[in-house]
Each structure stands twice: as structure tokens, then as C-alpha cells.
$ cat coords-v6.txt   # compact mmCIF, C-alpha atoms and all ligand atoms
# COMPACT_ATOMS: atom_id res chain seq x y z
CA MET A 1 0.00 0.00 0.00
CA PRO A 2 1.45 3.44 -0.93
CA THR A 3 2.37 5.76 1.92
CA PRO A 4 0.43 9.09 2.30
CA ASP A 5 3.56 10.95 1.03
CA ARG A 6 3.61 8.85 -2.13
CA VAL A 7 -0.09 9.45 -2.71
CA ARG A 8 0.45 13.20 -2.33
CA ARG A 9 3.37 13.11 -4.78
CA ARG A 10 1.31 11.20 -7.37
CA TYR A 11 -1.54 13.64 -6.86
CA ARG A 12 0.75 16.65 -7.46
CA LEU A 13 2.27 14.95 -10.49
CA ALA A 14 -1.18 14.33 -11.97
CA ILE A 15 -2.19 17.99 -11.44
CA ALA A 16 1.09 19.24 -12.94
CA SER A 17 0.59 16.96 -15.98
CA VAL A 18 -2.94 18.22 -16.57
CA GLY A 19 -1.71 21.83 -16.20
CA LEU A 20 1.12 21.25 -18.66
CA LEU A 21 -1.25 19.61 -21.13
CA ALA A 22 -3.65 22.57 -20.87
CA LEU A 23 -0.77 25.03 -21.39
CA ALA A 24 0.54 23.05 -24.37
CA THR A 25 -2.96 23.01 -25.89
CA LEU A 26 -3.33 26.77 -25.38
CA ALA A 27 0.10 27.40 -26.91
CA PHE A 28 -0.74 25.17 -29.88
CA VAL A 29 -4.05 26.95 -30.44
CA TRP A 30 -2.41 30.37 -30.11
CA LEU A 31 0.55 29.61 -32.34
CA SER A 32 -1.20 27.63 -35.07
CA PRO A 33 -3.24 29.91 -37.35
CA ARG A 34 -5.33 26.96 -38.49
CA ALA A 35 -6.15 25.95 -34.90
CA ARG A 36 -6.99 29.57 -33.99
CA PHE A 37 -9.30 29.81 -37.00
CA VAL A 38 -11.11 26.57 -36.13
CA VAL A 39 -11.35 27.29 -32.39
CA GLY A 40 -12.56 30.84 -33.15
CA GLY A 41 -15.24 29.42 -35.43
CA ALA A 42 -16.29 26.96 -32.73
CA MET A 43 -16.59 29.81 -30.21
CA ILE A 44 -18.72 31.84 -32.65
CA ASN A 45 -20.95 28.80 -32.98
CA VAL A 46 -21.29 28.69 -29.21
CA GLY A 47 -22.62 32.27 -29.46
CA TYR A 48 -25.00 31.27 -32.26
CA ARG A 49 -26.30 28.36 -30.19
CA LEU A 50 -26.88 30.71 -27.23
CA GLN A 51 -28.81 33.32 -29.26
CA ASP A 52 -30.56 31.03 -31.74
CA PRO A 53 -33.31 29.60 -29.50
CA ILE A 54 -34.26 32.97 -27.93
CA GLU A 55 -37.60 34.18 -29.25
CA ALA A 56 -39.22 35.74 -26.30
CA TYR A 57 -37.61 39.08 -25.90
CA ASP A 58 -37.56 41.13 -29.05
CA PHE A 59 -38.41 40.57 -32.71
CA HIS A 60 -40.49 37.42 -32.87
CA HIS A 61 -43.45 37.63 -35.28
CA GLU A 62 -46.00 36.06 -32.99
CA HIS A 63 -45.55 38.74 -30.38
CA ASP A 64 -47.63 41.84 -30.63
CA VAL A 65 -44.53 43.91 -31.23
CA LYS A 66 -44.84 47.42 -32.70
CA PRO A 67 -42.46 48.82 -35.35
CA ASP A 68 -41.06 51.48 -32.99
CA GLN A 69 -40.32 48.80 -30.38
CA ILE A 70 -38.37 46.82 -32.97
CA TRP A 71 -36.46 49.96 -34.03
CA ASN A 72 -35.64 50.85 -30.41
CA GLU A 73 -34.41 47.32 -29.77
CA LEU A 74 -32.27 47.45 -32.91
CA VAL A 75 -30.72 50.78 -31.82
CA GLN A 76 -30.02 49.45 -28.33
CA GLN A 77 -28.40 46.31 -29.69
CA ASN A 78 -26.32 48.43 -32.05
CA HIS A 79 -25.10 50.66 -29.21
CA LEU A 80 -23.93 47.61 -27.31
CA ALA A 81 -22.33 46.06 -30.40
CA ALA A 82 -20.61 49.35 -31.34
CA ALA A 83 -19.32 49.83 -27.78
CA VAL A 84 -17.77 46.36 -27.92
CA ARG A 85 -16.27 47.11 -31.35
CA LYS A 86 -14.70 50.34 -30.01
CA GLN A 87 -12.95 48.30 -27.35
CA PHE A 88 -11.95 45.51 -29.72
CA PRO A 89 -11.50 46.95 -33.23
CA ARG A 90 -11.35 44.58 -36.17
CA THR A 91 -8.55 44.33 -38.72
CA ALA A 92 -9.37 45.78 -42.13
CA ARG A 93 -8.29 43.49 -44.97
CA HIS A 94 -8.73 43.70 -48.67
CA PRO A 95 -11.29 41.17 -49.87
CA VAL A 96 -10.14 38.46 -52.25
CA VAL A 97 -13.62 37.05 -52.92
CA ALA A 98 -16.80 38.76 -54.11
CA MET A 99 -19.99 36.83 -53.60
CA VAL A 100 -23.44 37.60 -55.01
CA VAL A 101 -26.18 36.30 -52.72
CA CYS A 102 -29.95 36.69 -52.52
CA MET A 103 -31.25 38.86 -49.68
CA ASP A 104 -33.03 35.87 -48.08
CA ALA A 105 -32.38 36.17 -44.31
CA ARG A 106 -31.92 32.42 -43.89
CA VAL A 107 -28.63 32.63 -45.77
CA ASP A 108 -25.91 34.01 -43.49
CA THR A 109 -22.71 34.53 -45.42
CA VAL A 110 -20.52 34.45 -42.31
CA GLU A 111 -21.94 31.05 -41.44
CA LEU A 112 -21.67 29.96 -45.04
CA THR A 113 -17.94 30.65 -45.21
CA GLY A 114 -17.20 30.00 -41.55
CA ASP A 115 -15.05 33.12 -41.76
CA THR A 116 -15.50 36.46 -40.00
CA ARG A 117 -12.26 38.04 -41.27
CA LYS A 118 -13.80 40.31 -43.89
CA TYR A 119 -12.11 38.76 -46.89
CA TYR A 120 -15.43 38.81 -48.72
CA TYR A 121 -17.37 41.44 -50.58
CA ILE A 122 -20.97 40.36 -50.25
CA VAL A 123 -23.45 41.72 -52.79
CA ARG A 124 -26.97 40.92 -51.62
CA THR A 125 -29.80 41.45 -54.04
CA ALA A 126 -33.36 40.24 -54.58
CA GLY A 127 -33.15 36.84 -56.28
CA SER A 128 -29.33 37.03 -56.63
CA VAL A 129 -29.82 39.19 -59.72
CA ILE A 130 -27.13 41.69 -60.58
CA SER A 131 -27.89 44.90 -62.43
CA GLU A 132 -25.52 47.30 -64.15
CA GLN A 133 -24.56 48.91 -60.83
CA GLU A 134 -23.52 45.56 -59.40
CA GLU A 135 -21.66 44.72 -62.61
CA ASP A 136 -19.72 47.98 -62.18
CA MET A 137 -19.11 47.24 -58.50
CA LEU A 138 -17.87 43.72 -59.22
CA GLU A 139 -15.56 45.04 -61.91
CA LEU A 140 -14.22 47.62 -59.45
CA ALA A 141 -13.73 44.89 -56.84
CA VAL A 142 -11.73 42.84 -59.34
CA ALA A 143 -9.63 45.91 -60.21
CA ASN A 144 -8.95 46.24 -56.46
CA GLY A 145 -7.71 42.69 -56.02
CA VAL A 146 -10.64 40.28 -55.93
CA LYS A 147 -9.57 36.99 -57.51
CA VAL A 148 -12.72 34.88 -57.17
CA ILE A 149 -16.32 35.87 -57.92
CA VAL A 150 -18.96 33.47 -56.61
CA LEU A 151 -22.37 33.85 -58.23
CA THR A 152 -24.94 32.04 -56.14
CA THR A 153 -28.58 31.12 -56.21
CA HIS A 154 -30.32 29.29 -53.37
CA THR A 155 -32.99 26.68 -52.78
CA ASP A 156 -36.54 27.78 -51.91
CA CYS A 157 -35.92 31.30 -53.25
CA ALA A 158 -38.98 33.54 -52.83
CA ALA A 159 -37.98 35.68 -55.83
CA GLU A 160 -37.78 32.61 -58.08
CA LYS A 161 -41.18 31.44 -56.80
CA VAL A 162 -42.70 34.81 -57.67
CA ALA A 163 -41.19 34.67 -61.16
CA ALA A 164 -42.57 31.16 -61.67
CA ASP A 165 -46.15 32.01 -60.59
CA PRO A 166 -48.32 33.86 -63.18
CA GLU A 167 -50.52 35.39 -60.47
CA LYS A 168 -47.60 36.63 -58.36
CA ARG A 169 -45.83 37.95 -61.45
CA LYS A 170 -48.66 40.45 -61.81
CA LEU A 171 -48.08 41.70 -58.25
CA TYR A 172 -44.28 41.94 -58.53
CA PRO A 173 -43.49 42.64 -62.20
CA ALA A 174 -40.07 44.24 -61.68
CA LEU A 175 -38.81 41.39 -59.51
CA SER A 176 -40.11 38.82 -62.01
CA ALA A 177 -38.44 40.62 -64.90
CA ALA A 178 -35.17 40.78 -62.93
CA VAL A 179 -35.19 37.02 -62.26
CA ASP A 180 -35.89 36.42 -65.97
CA GLU A 181 -32.83 38.52 -66.80
CA ARG A 182 -30.42 36.91 -64.35
CA GLU A 183 -28.56 34.83 -66.92
CA LYS A 184 -28.37 37.75 -69.34
CA ARG A 185 -26.83 39.95 -66.64
CA ILE A 186 -24.26 37.31 -65.77
CA ALA A 187 -23.34 36.96 -69.44
CA GLU A 188 -22.92 40.76 -69.57
CA LEU A 189 -20.61 40.71 -66.57
CA LEU A 190 -18.45 37.94 -68.01
CA ALA A 191 -18.22 39.74 -71.36
CA ARG A 192 -16.95 43.00 -69.87
CA PRO A 193 -13.48 43.55 -71.34
CA HIS A 194 -11.62 43.82 -68.01
CA ILE A 195 -13.39 40.78 -66.57
CA ALA A 196 -13.00 38.73 -69.76
CA ALA A 197 -9.26 39.55 -69.94
CA LYS A 198 -8.64 38.46 -66.33
CA LEU A 199 -10.68 35.29 -66.85
CA LYS A 200 -8.62 34.49 -69.92
CA SER A 201 -5.30 35.11 -68.19
CA GLY A 202 -6.32 33.00 -65.18
CA GLU A 203 -6.11 35.95 -62.75
CA LEU A 204 -9.83 35.67 -62.05
CA LEU A 205 -12.12 32.74 -61.39
CA VAL A 206 -15.91 32.96 -61.62
CA LYS A 207 -17.87 30.16 -59.97
CA ARG A 208 -21.59 29.40 -60.13
CA VAL A 209 -23.10 27.60 -57.13
CA ASN A 210 -26.44 26.94 -55.51
CA ILE A 211 -26.77 27.37 -51.74
CA ASP A 212 -28.76 24.78 -49.82
CA THR A 213 -30.79 27.24 -47.74
CA LEU A 214 -31.16 24.88 -44.77
CA THR A 215 -27.53 23.78 -44.41
CA GLU A 216 -25.85 26.65 -46.33
CA GLU A 217 -23.77 24.08 -48.19
CA LEU A 218 -22.59 25.12 -51.65
CA VAL A 219 -23.89 22.62 -54.18
CA PRO A 220 -23.79 22.50 -58.00
CA PRO A 221 -26.22 24.98 -59.56
CA PRO A 222 -29.33 23.89 -61.41
CA THR A 223 -29.09 24.19 -65.20
CA PRO A 224 -29.56 27.84 -66.28
CA LYS A 225 -32.91 27.08 -67.96
CA THR A 226 -34.56 26.11 -64.67
CA MET A 227 -32.79 28.74 -62.54
ZN ZN A 301 -33.93 34.20 -52.69

$ encode --input "coords-v6.txt" --output "C-alpha cells"
Amino acid sequence: MPTPDRVRRRYRLAIASVGLLALATLAFVWLSPRARFVVGGAMINVGYRLQDPIEAYDFHHEHDVKPDQIWNELVQQNHLAAAVRKQFPRTARHPVVAMVVCMDARVDTVELTGDTRKYYYIVRTAGSVISEQEEDMLELAVANGVKVIVLTTHTDCAAEKVAADPEKRKLYPALSAAVDEREKRIAELLARPHIAAKLKSGELLVKRVNIDTLTEELVPPPTPKTM
């Protein structure tokens, strides 16, 4: 049977080993950019999981909430968020990706990329349709260093449903016309001389993807005819 001294020594040794292991893990996480990125993403997800189930206190539809209450809540939340940002400013980086995404609130581009580092220009439009302004903006982004343009659509898109429904088309003619013109606009963008030259030289990549709205996974796009 071990003596009390021996037990104490083993006990101290065990505590020291656990402490060393924790320190080594912290050092690894701090020193390895990949580990920091993954652990940071996991911590953000902890925040999402905390906020996600809360319905009761502000914006939920089923509550008899008035527009000015929603606005006041938004302002209050912004003040808190801005105060935190003043204390912990973010690093400004030049984006290397420009992504065109529908305005559907279920698609969260930070979740989609798992990246909060502001490497992405996000263009959000109704039905993921670009117009001439967005074409200009994307061309400017490419001139400023963007190397990948991701043109997305997404499943269960309300704009596409409107465009596909003769009755709803009458209510929202401009949106329907925009969805009809989506492919034409994309062709216009790709044919712009500066874009076409960079595509040809391999300095720019343009990808078409469909976003699974529930999981936010990027999947192959439907054929243009059915988009
Ligand atoms: Zn949509």
C-alpha cells in the first residue's frame, strides 16, 4: 500500500501533468493559425447556439410587437455592439472574394464561409440578380484585387417562386423581370473587357453555385434554364 507521502506526490504529479497539457494546448491553439481559426469558429458557434433559441424578448413575429419597439431594440443592440467594437476593433483586410447572394435572411454569409475576417465582398440582391450597378461594382472589386467571384442562387428562393407564378408575377413585375434577366446579366458581366481579360489570363475565377438554404452548403447549380 502506498504511503500518504507517495499518494500526495502522485496527486501533485497528476495535477502538474494536466496543467502542462492545458498550457501546451493553449500554446498550440495560439501559435497555429489553423487551430486559432477553427477554435474561433467553434466559439462563434457557441454564441449562435446561445442566441438562436431565444424568441421571447424582441423581434419574434407572434408577439404583438410594434415597429417602434423593434427599431428601439435594434438601436439598443447596435449601441452595445458598437461599444464592444470600439474596445476591440477589427482588422481591415482587402477582400479576395466577391460573392453575389440573394437577400433571403436564412442565408448568413458568415456562417456559409465559416469566416469572419472580412475577406469577402458580399453583394446581396433580390433573387441574386445583378444589375448594371452591381456589374460595375464587381468590376471595381476585381480591379482592387478580388480573384474569385462566386455567383450564387439558393434553394426555396422567394424571388424565383414569384417569377414562376403567373398570379404573383402580376403583383411583382419588376422582380419577375429581374429574375428572368439573371442569366443575361451574368453573361454581360463575363463579357466586360476587363473581366474577360482576367478570366482568360487566369487571374480571375468565376464560380456558379447553388446554396442549400437549410444547411448553407454550396452545391452544384441547377441548369440555367430552370434557374
Ligand atoms: Zn432568394

$ residues_near_ligand --input "coords-v6.txt" --ligand "ligand ZN 301 (chain A)" --cutoff "10 Å" --atoms "only C-alpha atoms and all ligand atoms" --output "list of chain:residue names"
A:Val101, A:Cys102, A:Met103, A:Asp104, A:Ala105, A:Arg106, A:Val107, A:Arg124, A:Thr125, A:Ala126, A:Gly127, A:Ser128, A:Val129, A:Thr152, A:Thr153, A:His154, A:Thr155, A:Asp156, A:Cys157, A:Ala158, A:Ala159, A:Glu160, A:Lys161, A:Ile211, A:Thr213

$ residues_around --input "coords-v6.txt" --residues "region 132-147 of chain A" --least-positions-apart "6" --cutoff "9 Å" --atoms "all atoms listed in the file" --output "list in words"
His94, Pro95, Val96, Val97, Ala98, Tyr120, Tyr121, Val123, Arg185, Ile186, Glu188, Leu189, Arg192, His194, Ile195, Lys198, Glu203, Leu204, Leu205 and Val206 of chain A

$ closest_residue --input "coords-v6.txt" --among "A:Val65, A:Pro222, A:Val46, A:Thr91" --to "Lys118 (chain A)" --atoms "all atoms listed in the file"
A:Thr91

$ axis_aligned_box --input "coords-v6.txt" --around "region 153-159 of chain A" --padding-each-side "6 Å" --output "AutoDock Vina command-line options"
--center_x -33.8 --center_y 31.2 --center_z -54.1 --size_x 22.4 --size_y 21.0 --size_z 16.3

$ closest_residue --input "coords-v6.txt" --among "A:Thr25, A:Thr113, A:Ser131, A:Ser201" --to "Thr215 (chain A)" --atoms "all atoms listed in the file"
A:Thr113

$ residues_around --input "coords-v6.txt" --residues "region 41-43 of chain A" --least-positions-apart "3" --cutoff "12 Å" --atoms "all atoms listed in the file" --output "PyMOL selection string"
chain A and resi 34-38+46-50+110-117

$ atom_distance --input "coords-v6.txt" --atom1 "CA of Asn210 (chain A)" --atom2 "CA of Met99 (chain A)"
12.0 Å

$ closest_residue --input "coords-v6.txt" --among "A:Ile15, A:Asp108, A:Ser32, A:Arg9" --to "Leu214 (chain A)" --atoms "all atoms listed in the file"
A:Asp108

$ atom_distance --input "coords-v6.txt" --atom1 "CA of Val179 (chain A)" --atom2 "CA of Val162 (chain A)"
9.1 Å

$ atom_distance --input "coords-v6.txt" --atom1 "CA of Pro221 (chain A)" --atom2 "CA of Leu151 (chain A)"
9.8 Å
